[in-house]
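Colleague: This structure is in structure tokens; I'll ask about it shortly.
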Amino acid sequence: MLIEAQEPSLELVTSPISVSRIAWQGLRNVSLLESLSDEKLSRLAAQCQWQRLEAGQILHGPYVDKRMYMLIQGEISIGSYASNGRGMILGRLPAGHFFGGLAPSSPMLCVPVTVEASESCLVASLSNEDLEALIMSEVQIMRAVLSRLSELAAVLAQRVVNLGTLTVRGRLHAHLLDQAQRVGIHGEEALLSPAPRQNELALLLGTSREEVAREMSRLARLGLIAREGRNLRICHVDGLRLLLEEAR
């Protein structure tokens, strides 16, 4: 089930940033563009609109205006909220990824999406026309787009399967294991820094904060996780895997 959530109300910083004040080299960190030469990146930077967001601010436009957005610095959270305020976090994106663009042609297929800055962010966006020209002229970028879309489809498919087949406990175990893989497992342990917040876990897993808190407390009693200041240590990754296998 989805949980109660208040849709963020902070507005976008609307003043575009002059390209002259932006190091276009920031585009070099976008994995989609790694095949471009410095000269082509410089020209692309001039075609982009640039915006800064502070933590908690909303970026309006992605998945609606068909522009492709590239996160140069920071981290964003992508979520969906119903008219009654109930919502779910669909995922988080770190710097170097693109989002938006290639919006469905039919309004019936559009899902309301909220893009919120988790921290201070720098975002560049490219018009649909410039995006199509870039893709058609650079075959490696076309391949990178297709590869990323395939990856996203697989991630979302796995989330749908987890939501439909796992209990809240199982979904939490699966998420913690995914995070452990992301930060790196050393021996039996992984350190999540900072520790994921329980309200955000609830939004990610489609449940309530209370259910997340109960299961986190149970995992701590079992010795599988431990709080270390602002961090969370997964003490026994294999033990967590065993619990997940039992839940499947």
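By order of appearance in the structure tokens: chains A, B, ..., then residues from 1 within every chain, and ligands from 1 in the order shown.
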Quick one: residues within 12 Å of Leu242 in chain A, only C-alpha atoms counted, chain neighbours fewer than 2 positions away excluded, as JSON, numbers by chain?
Modeller: {"A": [170, 173, 174, 177, 224, 236, 237, 238, 239, 240, 244, 245, 246, 247, 248]}
Colleague: Selected residues, C-alpha atoms, written as a compact mmCIF listing (two decimals), in the first residue's frame, please.
Modeller:
```txt
# COMPACT_ATOMS: atom_id res chain seq x y z
CA GLY A 170 11.21 -8.95 2.61
CA HIS A 173 15.75 -6.83 3.46
CA ALA A 174 16.04 -6.64 -0.34
CA LEU A 177 21.05 -5.72 0.44
CA LEU A 224 22.23 -8.02 11.70
CA HIS A 236 25.97 -9.84 8.66
CA VAL A 237 25.13 -9.59 4.97
CA ASP A 238 24.71 -13.35 4.59
CA GLY A 239 22.27 -13.41 7.51
CA LEU A 240 20.20 -10.74 5.78
CA LEU A 244 15.29 -12.66 2.31
CA GLU A 245 15.43 -16.17 0.87
CA GLU A 246 13.07 -17.39 3.58
CA ALA A 247 10.66 -14.59 2.67
CA ARG A 248 10.55 -15.44 -1.04
```
Colleague: Set the distance at 10 Å and use only C-alpha atoms: which residues neighbour range 35-42 of chain A once local chain neighbours fewer than 4 positions away are removed? I'd like the list as a list in words.
Modeller: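 Non-adjacent residues within range: Val19, Ala23, Trp24, Gln25, Gly26, Leu27, Arg28, Ser31, Ala46, Gln47, Glu138, Val139, Gln140, Ile141 and Ala144 of chain A.
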Colleague: With only C-alpha atoms as the atoms that count, which of A:Ile234, A:Gly184, A:Arg169, A:Gly101 lies nearest to Glu211 in chain A?
Modeller: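 Residue with the minimum atom-to-atom distance to Glu211 in chain A: A:Arg169.
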Colleague: Between CA of Leu90 in chain A and CA of Leu232 in chain A, measure the distance and give it in Å to one decimal.
Modeller: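 Computing the Euclidean distance for CA of Leu90 in chain A and CA of Leu232 in chain A yields 22.1 Å.
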Colleague: As an exercise, work out the distance from CA of Leu122 in chain A to CA of Arg52 in chain A in Å and give it to one decimal place.
Modeller: 4.7 Å
Colleague: Using backbone DSSP assignments, extract all helix (DSSP H, G or I) residues from range 2-248 of chain A; output them as a ChimeraX atom specification.
Modeller: /A:19-21,24-29,31-33,38-47,107-109,128-137,139-165,168-183,198-205,209-221,237-247
